[in-house]
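The file start25.tsv contains TSV, C-alpha atoms:
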```
chain	number	residue	atom	x	y	z
A	936	MET	CA	0.21	127.74	14.49
A	937	PRO	CA	0.04	125.45	17.56
A	938	THR	CA	-1.72	127.25	20.40
A	939	GLY	CA	-3.02	124.32	22.50
A	940	ARG	CA	-1.66	123.51	25.90
A	941	PRO	CA	0.78	120.63	26.44
A	942	GLU	CA	-0.77	117.22	26.90
A	943	ARG	CA	-1.15	116.30	30.57
A	944	GLN	CA	-0.53	112.81	31.89
A	945	LEU	CA	-1.98	113.57	35.33
A	946	VAL	CA	-4.49	116.34	35.97
A	947	ARG	CA	-4.68	116.79	39.73
A	948	MET	CA	-8.14	118.35	39.66
A	949	ALA	CA	-10.33	117.93	36.60
A	950	THR	CA	-13.97	118.31	35.68
A	951	ILE	CA	-14.66	115.19	33.64
A	952	LEU	CA	-17.54	114.66	31.22
A	953	ARG	CA	-18.00	111.14	29.85
A	954	ARG	CA	-20.74	109.63	27.72
A	955	ARG	CA	-22.24	106.37	28.98
A	956	VAL	CA	-24.29	105.11	26.06
A	957	LEU	CA	-25.61	102.01	24.31
A	958	GLU	CA	-26.61	101.43	20.72
A	959	PRO	CA	-30.21	102.63	20.31
A	960	PRO	CA	-32.87	101.86	21.14
A	961	ALA	CA	-31.99	101.88	24.83
A	962	GLU	CA	-33.93	102.73	27.98
A	963	VAL	CA	-32.42	105.55	30.05
A	964	LEU	CA	-32.97	104.85	33.76
A	965	VAL	CA	-31.94	108.18	35.30
A	966	SER	CA	-32.89	111.82	34.80
A	967	ALA	CA	-30.78	114.94	34.30
A	968	GLY	CA	-29.36	116.24	37.57
A	969	ALA	CA	-29.46	112.87	39.33
A	970	GLU	CA	-26.51	111.96	41.56
A	971	VAL	CA	-25.03	108.59	40.62
A	972	ALA	CA	-22.50	106.19	42.09
A	973	PRO	CA	-20.05	104.27	39.86
A	974	GLU	CA	-22.08	101.02	40.04
A	975	HIS	CA	-25.38	102.77	39.25
A	976	ILE	CA	-27.01	101.37	36.07
A	977	VAL	CA	-27.91	104.40	33.92
A	978	ALA	CA	-29.16	102.69	30.73
A	979	GLN	CA	-30.16	99.27	29.49
A	980	ALA	CA	-31.21	97.72	26.20
A	981	ARG	CA	-32.84	94.43	25.26
A	982	ARG	CA	-31.00	92.56	22.52
A	983	GLU	CA	-31.96	89.56	20.41
A	984	GLY	CA	-29.95	86.45	21.10
A	985	ASP	CA	-27.39	85.11	18.64
A	986	ILE	CA	-28.13	82.26	16.22
A	987	HIS	CA	-26.39	78.99	17.13
A	988	VAL	CA	-25.99	76.39	14.40
A	989	VAL	CA	-26.14	72.78	15.63
A	990	ASP	CA	-24.92	70.08	13.23
A	991	VAL	CA	-27.45	67.33	13.96
A	992	ALA	CA	-26.24	65.08	11.14
A	993	ALA	CA	-22.66	65.11	12.38
A	994	GLY	CA	-23.73	64.60	15.99
A	995	LEU	CA	-25.81	61.51	15.13
A	996	LYS	CA	-23.39	60.29	12.44
A	997	VAL	CA	-26.07	60.19	9.75
A	998	GLY	CA	-26.56	61.80	6.36
A	999	GLN	CA	-28.03	65.30	6.12
A	1000	ARG	CA	-31.27	64.10	4.52
A	1001	GLU	CA	-31.71	61.42	7.19
A	1002	ALA	CA	-31.12	63.78	10.15
A	1003	ARG	CA	-34.63	65.24	10.24
A	1004	ARG	CA	-36.27	61.93	11.22
A	1005	TYR	CA	-34.33	61.90	14.51
A	1006	VAL	CA	-35.13	65.47	15.56
A	1007	VAL	CA	-37.46	65.51	18.61
A	1008	VAL	CA	-38.22	69.26	18.74
A	1009	GLN	CA	-40.26	71.55	16.50
A	1010	GLU	CA	-39.71	74.93	14.86
A	1011	GLY	CA	-40.87	77.74	17.14
A	1012	GLN	CA	-40.40	75.64	20.29
A	1013	TRP	CA	-38.62	77.20	23.26
A	1014	LEU	CA	-36.25	74.98	25.21
A	1015	ALA	CA	-33.66	75.19	27.96
A	1016	ALA	CA	-29.94	74.63	27.55
A	1017	GLY	CA	-29.14	70.91	27.64
A	1018	THR	CA	-32.49	69.83	26.17
A	1019	ILE	CA	-32.19	66.86	23.77
A	1020	LEU	CA	-32.65	68.11	20.20
A	1021	ALA	CA	-32.25	64.80	18.37
A	1022	GLN	CA	-31.77	61.20	19.38
A	1023	ARG	CA	-30.80	58.06	17.48
A	1024	ARG	CA	-30.90	54.59	19.00
A	1025	VAL	CA	-28.15	52.25	17.86
A	1026	PHE	CA	-28.29	48.47	18.32
A	1027	LEU	CA	-26.13	47.31	21.25
A	1028	GLU	CA	-24.89	50.88	21.84
A	1029	ASP	CA	-25.96	53.78	23.99
A	1030	PRO	CA	-28.28	56.21	22.17
A	1031	ARG	CA	-26.59	58.99	20.25
A	1032	GLU	CA	-27.95	62.39	21.28
A	1033	VAL	CA	-27.53	66.05	20.36
A	1034	TRP	CA	-28.23	68.70	23.04
A	1035	ALA	CA	-29.08	72.41	22.92
A	1036	PRO	CA	-25.92	74.41	23.71
A	1037	VAL	CA	-27.99	77.35	25.02
A	1038	GLY	CA	-31.56	78.13	25.97
A	1039	GLY	CA	-33.61	79.59	23.16
A	1040	THR	CA	-36.09	79.04	20.33
A	1041	ILE	CA	-35.83	76.67	17.37
A	1042	GLU	CA	-35.70	78.78	14.21
A	1043	ALA	CA	-35.34	76.13	11.49
A	1044	LEU	CA	-33.84	72.80	10.39
A	1045	ARG	CA	-32.06	72.91	7.05
A	1046	GLY	CA	-29.99	70.08	5.54
A	1047	GLY	CA	-29.03	68.43	8.81
A	1048	LEU	CA	-28.32	71.79	10.52
A	1049	LEU	CA	-30.60	73.05	13.30
A	1050	PHE	CA	-30.74	76.83	13.85
A	1051	LEU	CA	-31.32	77.83	17.48
A	1052	ARG	CA	-31.78	81.49	18.49
A	1053	ALA	CA	-30.56	82.17	22.01
A	1054	ASP	CA	-32.84	83.93	24.48
A	1055	PRO	CA	-32.93	87.75	24.43
A	1056	TYR	CA	-30.71	89.42	26.99
A	1057	LEU	CA	-30.22	92.79	28.66
A	1058	VAL	CA	-27.17	94.96	28.04
A	1059	ARG	CA	-26.55	97.42	30.86
A	1060	ARG	CA	-24.35	100.50	31.09
A	1061	ARG	CA	-23.15	101.65	34.51
A	1062	ALA	CA	-22.29	105.23	35.44
A	1063	HIS	CA	-18.68	104.12	36.09
A	1064	LEU	CA	-17.91	107.53	37.63
A	1065	ALA	CA	-19.28	109.09	40.79
A	1066	GLY	CA	-20.99	112.33	39.86
A	1067	ARG	CA	-24.06	113.93	38.37
A	1068	VAL	CA	-26.06	113.27	35.21
A	1069	GLU	CA	-25.22	116.30	33.10
A	1070	GLU	CA	-27.36	115.38	30.08
A	1071	VAL	CA	-29.75	112.67	28.96
A	1072	LEU	CA	-29.20	111.34	25.43
A	1073	GLU	CA	-32.59	110.05	24.33
A	1074	GLU	CA	-32.73	106.29	23.71
A	1075	ARG	CA	-28.95	106.05	24.14
A	1076	GLY	CA	-27.72	106.97	27.61
A	1077	VAL	CA	-26.31	109.90	29.55
A	1078	VAL	CA	-23.38	112.25	30.01
A	1079	ILE	CA	-21.85	111.97	33.49
A	1080	ARG	CA	-20.10	114.94	35.10
A	1081	SER	CA	-17.50	114.01	37.68
A	1082	VAL	CA	-14.70	115.76	39.57
A	1083	GLY	CA	-11.46	113.96	40.23
A	1084	ARG	CA	-7.84	113.35	39.38
A	1085	LEU	CA	-7.37	112.13	35.83
A	1086	LEU	CA	-4.46	109.91	34.81
A	1087	ALA	CA	-4.17	109.36	31.06
A	1088	GLY	CA	-2.78	106.03	29.88
A	1089	ALA	CA	-1.00	105.11	26.64
A	1090	TRP	CA	-2.36	101.54	26.28
A	1091	GLY	CA	-4.87	99.32	27.98
A	1092	ALA	CA	-6.98	96.19	27.62
A	1093	GLY	CA	-9.70	94.38	29.51
A	1094	GLY	CA	-12.57	96.84	29.89
A	1095	GLU	CA	-13.50	98.66	33.09
A	1096	ALA	CA	-13.22	98.28	36.85
A	1097	ARG	CA	-13.98	100.25	39.98
A	1098	GLY	CA	-12.48	99.96	43.45
A	1099	PRO	CA	-10.13	101.47	46.05
A	1100	LEU	CA	-6.54	102.21	45.08
A	1101	ARG	CA	-3.78	99.96	46.47
A	1102	LEU	CA	-0.04	100.52	46.10
A	1103	CYS	CA	2.00	97.37	45.51
A	1104	VAL	CA	5.48	98.84	44.89
A	1105	ARG	CA	7.51	101.00	47.26
A	1106	SER	CA	9.11	103.41	44.80
A	1107	ALA	CA	8.70	104.82	41.30
A	1108	ASP	CA	11.40	102.57	39.83
A	1109	ALA	CA	10.63	99.38	41.78
A	1110	PRO	CA	9.90	96.30	39.62
A	1111	LEU	CA	6.47	94.65	39.74
A	1112	GLY	CA	6.84	90.96	40.56
A	1113	PRO	CA	4.37	88.30	41.77
A	1114	GLU	CA	5.65	88.77	45.31
A	1115	CYS	CA	4.26	92.33	45.26
A	1116	LEU	CA	0.75	90.89	44.96
A	1117	ALA	CA	1.07	88.20	47.64
A	1118	PRO	CA	-1.47	88.45	50.50
A	1119	GLU	CA	1.22	89.38	53.02
A	1120	ALA	CA	2.33	92.26	50.75
A	1121	LEU	CA	-1.11	93.59	49.79
A	1122	GLY	CA	-2.64	93.15	53.22
A	1123	ARG	CA	-6.31	92.67	54.03
A	1124	GLY	CA	-9.04	94.12	51.86
A	1125	ALA	CA	-7.16	93.79	48.56
A	1126	ARG	CA	-9.99	91.90	46.84
A	1127	GLY	CA	-11.80	94.26	44.48
A	1128	ALA	CA	-9.03	96.88	44.61
A	1129	ILE	CA	-7.18	98.58	41.74
A	1130	ALA	CA	-3.45	98.09	42.27
A	1131	LEU	CA	-0.66	100.47	41.20
A	1132	GLY	CA	2.54	98.73	40.12
A	1133	GLY	CA	5.77	99.42	38.24
A	1134	VAL	CA	7.06	97.88	35.01
A	1135	LEU	CA	5.14	94.72	34.07
A	1136	GLU	CA	7.71	92.24	32.72
A	1137	ASP	CA	6.41	88.82	33.69
A	1138	ALA	CA	3.03	87.28	32.83
A	1139	SER	CA	3.08	85.42	36.17
A	1140	VAL	CA	2.12	88.76	37.76
A	1141	LEU	CA	-1.28	88.44	36.06
A	1142	ALA	CA	-1.93	85.08	37.74
A	1143	ALA	CA	-0.97	86.60	41.09
A	1144	ALA	CA	-3.37	89.49	40.48
A	1145	ARG	CA	-6.20	87.04	39.73
A	1146	ALA	CA	-5.41	85.03	42.85
A	1147	ALA	CA	-5.48	88.20	44.94
A	1148	GLY	CA	-8.91	89.08	43.53
A	1149	LEU	CA	-7.80	92.48	42.21
A	1150	ALA	CA	-10.35	94.37	40.11
A	1151	GLY	CA	-7.69	95.98	37.92
A	1152	LEU	CA	-4.03	96.83	37.53
A	1153	VAL	CA	-2.28	100.10	36.59
A	1154	VAL	CA	1.40	99.81	35.64
A	1155	SER	CA	4.02	102.30	34.53
A	1156	SER	CA	4.79	100.29	31.37
A	1157	LEU	CA	4.87	96.71	30.07
A	1158	LEU	CA	7.04	94.62	27.80
A	1159	PRO	CA	5.57	94.02	24.32
A	1160	ARG	CA	6.07	90.24	24.55
A	1161	ILE	CA	3.40	89.91	27.26
A	1162	ALA	CA	0.81	92.20	25.63
A	1163	GLU	CA	-1.26	89.23	24.44
A	1164	ALA	CA	-1.30	87.71	27.93
A	1165	VAL	CA	-2.40	91.06	29.34
A	1166	ALA	CA	-5.20	91.37	26.77
A	1167	THR	CA	-6.61	87.98	27.82
A	1168	ALA	CA	-6.00	88.32	31.56
A	1169	GLY	CA	-9.70	88.65	32.36
A	1170	PHE	CA	-9.41	92.01	34.15
A	1171	PRO	CA	-8.46	95.54	33.02
A	1172	VAL	CA	-4.81	96.54	32.82
A	1173	LEU	CA	-3.66	100.08	31.99
A	1174	SER	CA	-0.10	100.99	30.99
A	1175	VAL	CA	0.64	104.66	31.60
A	1176	GLU	CA	3.73	104.90	29.40
A	1177	GLY	CA	2.80	102.17	26.91
A	1178	PHE	CA	5.36	99.55	25.89
A	1179	GLY	CA	8.94	99.28	27.07
A	1180	HIS	CA	10.79	99.37	30.38
A	1181	ILE	CA	9.78	102.83	31.62
A	1182	PRO	CA	9.40	103.43	35.37
A	1183	TRP	CA	6.94	105.87	36.87
A	1184	ALA	CA	7.71	109.56	36.63
A	1185	GLY	CA	8.49	110.46	40.23
A	1186	ALA	CA	5.97	113.30	40.43
A	1187	VAL	CA	3.15	111.11	39.09
A	1188	PHE	CA	3.99	108.23	41.43
A	1189	GLU	CA	4.09	110.50	44.46
A	1190	ALA	CA	0.75	112.08	43.58
A	1191	LEU	CA	-0.95	108.70	43.13
A	1192	ALA	CA	0.63	107.28	46.29
A	1193	GLY	CA	-1.13	110.04	48.20
A	1194	ASP	CA	-4.48	108.78	46.88
A	1195	VAL	CA	-4.16	105.21	48.16
A	1196	GLY	CA	-7.48	104.16	49.66
A	1197	ARG	CA	-9.57	106.48	47.53
A	1198	GLN	CA	-12.21	105.09	45.19
A	1199	ALA	CA	-11.08	104.98	41.55
A	1200	SER	CA	-12.60	104.14	38.17
A	1201	LEU	CA	-10.34	102.39	35.66
A	1202	SER	CA	-11.11	102.39	31.92
A	1203	ALA	CA	-8.48	100.23	30.24
A	1204	THR	CA	-10.55	100.36	27.04
A	1205	ASN	CA	-12.76	103.42	27.34
A	1206	ALA	CA	-16.46	103.01	26.60
A	1207	ASP	CA	-16.49	106.64	25.39
A	1208	PRO	CA	-14.60	106.45	22.07
A	1209	ALA	CA	-13.53	110.09	22.35
A	1210	TYR	CA	-11.08	109.16	25.12
A	1211	GLY	CA	-8.30	106.64	25.59
A	1212	PRO	CA	-7.38	104.50	28.59
A	1213	GLU	CA	-7.61	106.41	31.86
A	1214	LEU	CA	-7.85	106.25	35.62
A	1215	VAL	CA	-10.18	108.65	37.46
A	1216	ILE	CA	-9.73	109.07	41.21
A	1217	ALA	CA	-12.78	110.45	42.96
A	1218	VAL	CA	-12.54	113.64	45.01
A	1219	GLU	CA	-15.22	115.83	46.57
A	1220	GLU	CA	-16.12	118.99	44.67
A	1221	GLU	CA	-15.37	121.00	47.81
A	1222	GLU	CA	-11.86	119.52	47.85
A	1223	ALA	CA	-11.39	120.27	44.16
A	1224	GLY	CA	-12.48	123.85	44.75
A	1225	ALA	CA	-11.97	126.21	41.87
A	1226	ALA	CA	-8.76	124.55	40.64
A	1227	GLY	CA	-8.09	125.46	37.05
A	1228	GLU	CA	-5.27	125.55	34.55
A	1229	GLY	CA	-3.56	128.75	33.51
A	1230	GLN	CA	-0.18	129.39	31.99
A	1231	GLU	CA	1.30	130.15	35.40
A	1232	ASP	CA	0.55	126.64	36.68
A	1233	LEU	CA	3.02	125.21	34.16
A	1234	VAL	CA	5.92	126.78	36.04
A	1235	GLY	CA	7.22	124.13	38.42
A	1236	ALA	CA	5.39	121.32	36.62
A	1237	ALA	CA	7.19	118.03	36.00
A	1238	VAL	CA	7.40	117.30	32.26
A	1239	ARG	CA	8.73	114.68	29.88
A	1240	LEU	CA	10.29	115.74	26.57
A	1241	THR	CA	9.05	113.88	23.49
A	1242	ARG	CA	11.46	114.91	20.71
A	1243	ALA	CA	15.20	114.45	20.08
A	1244	PRO	CA	17.79	115.30	21.26
A	1245	HIS	CA	16.19	114.98	24.73
A	1246	ALA	CA	13.36	112.52	23.99
A	1247	GLY	CA	12.26	110.67	27.11
A	1248	GLU	CA	14.11	112.93	29.55
A	1249	VAL	CA	12.29	114.38	32.54
A	1250	GLY	CA	12.61	117.86	34.00
A	1251	ARG	CA	10.70	120.79	35.48
A	1252	VAL	CA	9.41	123.95	33.86
A	1253	ILE	CA	11.31	126.96	35.21
A	1254	GLY	CA	9.99	129.64	32.88
A	1255	LEU	CA	7.70	130.52	30.00
A	1256	PRO	CA	9.67	132.58	27.46
A	1257	GLU	CA	8.18	134.50	24.59
A	1258	ARG	CA	7.10	132.37	21.68
A	1259	VAL	CA	9.93	130.65	19.85
A	1260	VAL	CA	10.14	129.54	16.24
A	1261	LEU	CA	9.01	125.91	15.92
A	1262	ALA	CA	11.32	123.79	13.76
A	1263	GLU	CA	8.33	121.81	12.46
A	1264	THR	CA	6.57	124.84	10.99
A	1265	ASP	CA	9.12	127.71	10.99
A	1266	LEU	CA	6.42	129.69	12.79
A	1267	PRO	CA	6.43	131.14	16.32
A	1268	GLY	CA	4.68	129.13	19.00
A	1269	PRO	CA	4.41	128.75	22.79
A	1270	ALA	CA	7.39	127.22	24.57
A	1271	ALA	CA	8.73	126.42	28.03
A	1272	GLU	CA	12.18	126.60	29.59
A	1273	VAL	CA	12.91	123.26	31.25
A	1274	ARG	CA	15.63	122.25	33.72
A	1275	LEU	CA	16.46	118.59	33.09
A	1276	GLU	CA	17.43	116.22	35.88
A	1277	ASP	CA	21.15	116.65	35.06
A	1278	GLY	CA	20.81	120.45	35.42
A	1279	THR	CA	20.77	121.23	31.70
A	1280	ARG	CA	18.40	124.02	30.66
A	1281	VAL	CA	16.57	123.76	27.37
A	1282	VAL	CA	13.78	125.70	25.66
A	1283	VAL	CA	11.13	123.32	24.31
A	1284	PRO	CA	7.95	123.99	22.28
A	1285	TRP	CA	4.77	123.05	24.11
A	1286	VAL	CA	3.97	120.51	21.42
A	1287	ASN	CA	7.09	118.56	22.42
A	1288	LEU	CA	6.15	118.31	26.11
A	1289	VAL	CA	3.95	116.02	28.20
A	1290	VAL	CA	3.08	117.48	31.59
A	1291	LEU	CA	3.42	114.68	34.13
A	1292	ALA	CA	1.97	116.31	37.25
```
The structure in this file should be written as structure tokens.
Amino acid sequence: MPTGRPERQLVRMATILRRRVLEPPAEVLVSAGAEVAPEHIVAQARREGDIHVVDVAAGLKVGQREARRYVVVQEGQWLAAGTILAQRRVFLEDPREVWAPVGGTIEALRGGLLFLRADPYLVRRRAHLAGRVEEVLEERGVVIRSVGRLLAGAWGAGGEARGPLRLCVRSADAPLGPECLAPEALGRGARGAIALGGVLEDASVLAAARAAGLAGLVVSSLLPRIAEAVATAGFPVLSVEGFGHIPWAGAVFEALAGDVGRQASLSATNADPAYGPELVIAVEEEEAGAAGEGQEDLVGAAVRLTRAPHAGEVGRVIGLPERVVLAETDLPGPAAEVRLEDGTRVVVPWVNLVVLA
């Protein structure tokens, strides 16, 4: 029998625990109880460089057996990117040369192919959230405890970003066009910010966001035809409602508009696999207070219905009746009485609701 609470799109005050880890072995750089800022590096790991295969024979236009005689480096030798690996002088022509694509060490030469291992490199994991180190995970990373508003997204791409929130549309249903991201619209200090916009319909918005120097973009929804452009935009983009032409829920938009200027952490593709795309807006623990979630706080909450005949409609919870029989299971379960925007009252199982704010 379903007993869980309805899924929440926006939690106004949440205690958030997120793992910030690397594949072991990794070096943990902070201790339990330490206060961290979002940009604080909490773990790092040294990784072997990739193997790059250089086709010497093709580069010099010689046979594979002949290629070795023109190689001017040795196995085990370290060299910088751009170093000449092989050279062949041709009568009345400029010499033909093959260069190292990266810095690294010569591993081997086999059949006209030279194997070059790139230099080792450091992989670093930042805290991403402002908070406290709740737990140290040996040779992996840490668990960060943070307090803030938590906005859950349906789809995202492009990794992570951190910065102050900027609003680039005037209302919940306003379209997001390139003009919304022009310097005269965003104002000063937009570089490095995370912008809140409406429905993303046009890929030209992504170019405008890059030109403005935005760190990330949060939209109400986006059209499926531009998903590939979003995924390769070079910065994180989160869609709250997923795909389609779905404007902001008014209650969510109003709540986020009140947080403009606050520092936020955007995970368009969450580094903690237990969670999906999300936006966390930092608040002080004193401001959060002892806010918690009980049944009574559902009354008055804005909700979206997820099942027919009212799928997609928005309303507010006006009561919590006794458990009703769920059509899916023929068993009693928790439900809410909802007044839809047209005034209609319906009783809906919790499992068919998303709490917006």
Quick one: residues within 10 Å of His987 in chain A, all atoms listed in the file counted, chain neighbours fewer than 2 positions away excluded, as an mmCIF file with C-alpha atoms, keeping the file's coordinate frame?
```cif
data_model
loop_
_atom_site.group_PDB
_atom_site.id
_atom_site.type_symbol
_atom_site.label_atom_id
_atom_site.label_comp_id
_atom_site.auth_asym_id
_atom_site.auth_seq_id
_atom_site.Cartn_x
_atom_site.Cartn_y
_atom_site.Cartn_z
ATOM 1 C CA GLY A 984 -29.950 86.450 21.100
ATOM 2 C CA ASP A 985 -27.390 85.110 18.640
ATOM 3 C CA VAL A 989 -26.140 72.780 15.630
ATOM 4 C CA ASP A 990 -24.920 70.080 13.230
ATOM 5 C CA ALA A 1035 -29.080 72.410 22.920
ATOM 6 C CA PRO A 1036 -25.920 74.410 23.710
ATOM 7 C CA VAL A 1037 -27.990 77.350 25.020
ATOM 8 C CA GLY A 1039 -33.610 79.590 23.160
ATOM 9 C CA ILE A 1041 -35.830 76.670 17.370
ATOM 10 C CA GLU A 1042 -35.700 78.780 14.210
ATOM 11 C CA LEU A 1048 -28.320 71.790 10.520
ATOM 12 C CA LEU A 1049 -30.600 73.050 13.300
ATOM 13 C CA PHE A 1050 -30.740 76.830 13.850
ATOM 14 C CA LEU A 1051 -31.320 77.830 17.480
ATOM 15 C CA ARG A 1052 -31.780 81.490 18.490
ATOM 16 C CA ALA A 1053 -30.560 82.170 22.010
#
```
Take the point (-14.5, 95.2, 38.4) in the file's coordinates, draw a sphere of radius 8 Å around it, and report as an NGL selection string every protein, DNA or RNA residue with an atom inside or on it, counting all atoms listed in the file.
:A and (1095-1098 or 1127 or 1150-1151 or 1170)
With the cut-off set at 6 Å and counting all atoms listed in the file, tabulate each residue of range 1172-1288 of chain A with an atom at most that distance from an atom of range 1073-1084 of chain A, showing the nearest atom pair and its distance in Å to one decimal, ordered by chain and increasing number, as a Markdown table.
```
| residue | atom | partner | partner_atom | distance |
| --- | --- | --- | --- | --- |
| A:Val1215 | CA | A:Arg1084 | CA | 5.6 |
| A:Ile1216 | CA | A:Arg1084 | CA | 5.0 |
| A:Ala1217 | CA | A:Gly1083 | CA | 4.6 |
| A:Val1218 | CA | A:Gly1083 | CA | 4.9 |
```
Expressed in Å to a single decimal, how great is the separation between CA of Ala1107 in chain A and CA of Ala1138 in chain A?
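According to the coordinates, CA of Ala1107 in chain A and CA of Ala1138 in chain A are separated by 20.3 Å.
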Can you work out which one of A:Ala1002, A:Leu952, A:Leu1121, A:Ala1162 has the shortest atom-to-atom distance to Ala1147 in chain A, counting all atoms listed in the file?
A:Leu1121
Looking at A:Ala1143, A:Leu957, A:Met948, A:Ala1166, which one is nearest to Ala1120 in chain A, with distances taken over all atoms listed in the file?
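For Ala1120 in chain A, the nearest of the given residues is A:Ala1143.
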Counting all atoms listed in the file, what is within 9 Å of Ala1236 in chain A, bar same-chain residues fewer than 5 positions away, as a PDB file with C-alpha atoms, in the frame of the given file?
```
ATOM      1  CA  ALA A1186       5.970 113.300  40.430  1.00  0.00           C
ATOM      2  CA  GLY A1250      12.610 117.860  34.000  1.00  0.00           C
ATOM      3  CA  ARG A1251      10.700 120.790  35.480  1.00  0.00           C
ATOM      4  CA  VAL A1252       9.410 123.950  33.860  1.00  0.00           C
ATOM      5  CA  ILE A1253      11.310 126.960  35.210  1.00  0.00           C
ATOM      6  CA  VAL A1290       3.080 117.480  31.590  1.00  0.00           C
ATOM      7  CA  LEU A1291       3.420 114.680  34.130  1.00  0.00           C
ATOM      8  CA  ALA A1292       1.970 116.310  37.250  1.00  0.00           C
TER       9      ALA A1292
END
```
What is the CA of Thr1241 in chain A to CA of Leu1214 in chain A distance in Å?
22.2 Å
Top pick for closest residue to Arg1000 in chain A, considering A:Cys1103, A:Leu1044, A:Ala1128, A:Val1175 and counting all atoms listed in the file
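Answer, going by the shortest atom-to-atom distance: A:Leu1044.
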Check the smallest atom-to-atom distance from each of A:Gln979, A:Val1273, A:Cys1115, A:His1180 to Pro960 in chain A using only C-alpha atoms, then report the winner.
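For Pro960 in chain A, the nearest of the given residues is A:Gln979.
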So how far away is CA of Thr950 in chain A from CA of Val1153 in chain A, in Å?
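Between these atoms lies a distance of 21.7 Å.
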Here is a test: counting all atoms listed in the file, which residue of A:Gly1254, A:Arg1023, A:Leu1116, A:Ala1130 is nearest to Ala1142 in chain A?
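Of A:Gly1254, A:Arg1023, A:Leu1116, A:Ala1130, the one nearest Ala1142 in chain A is A:Leu1116, counting all atoms listed in the file.
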Restricting the calculation to only C-alpha atoms, which member of A:Ile1019, A:Tyr1056, A:Arg1067, A:Glu1010 is positioned closest to Val977 in chain A?
A:Arg1067
Surrounding residues of Trp1285 in chain A excluding itself and chain neighbours under 6 positions, 8 Å, all atoms listed in the file, as a ChimeraX atom specification
/A:940-941,1268-1271
Asp1108 in chain A surroundings by all atoms listed in the file, 9 Å radius, close-in-sequence under 6 positions cut, as a list in words
Gly1133, Val1134, Ile1181, Pro1182, Trp1183, Ala1184 and Gly1185 of chain A
Please return, as an MDAnalysis selection string, all polymer residues that have at least one atom within 6 Å of the point (-24.5, 115.8, 38.1); use only C-alpha atoms and the file's own coordinate frame.
chainID A and resid 968:970 1066:1069 1080
Near-Gln1022 in chain A list (8 Å; only C-alpha atoms; drop same-chain fewer than 5 positions) as a PyMOL selection string:
chain A and resi 995+1005-1007+1030-1033
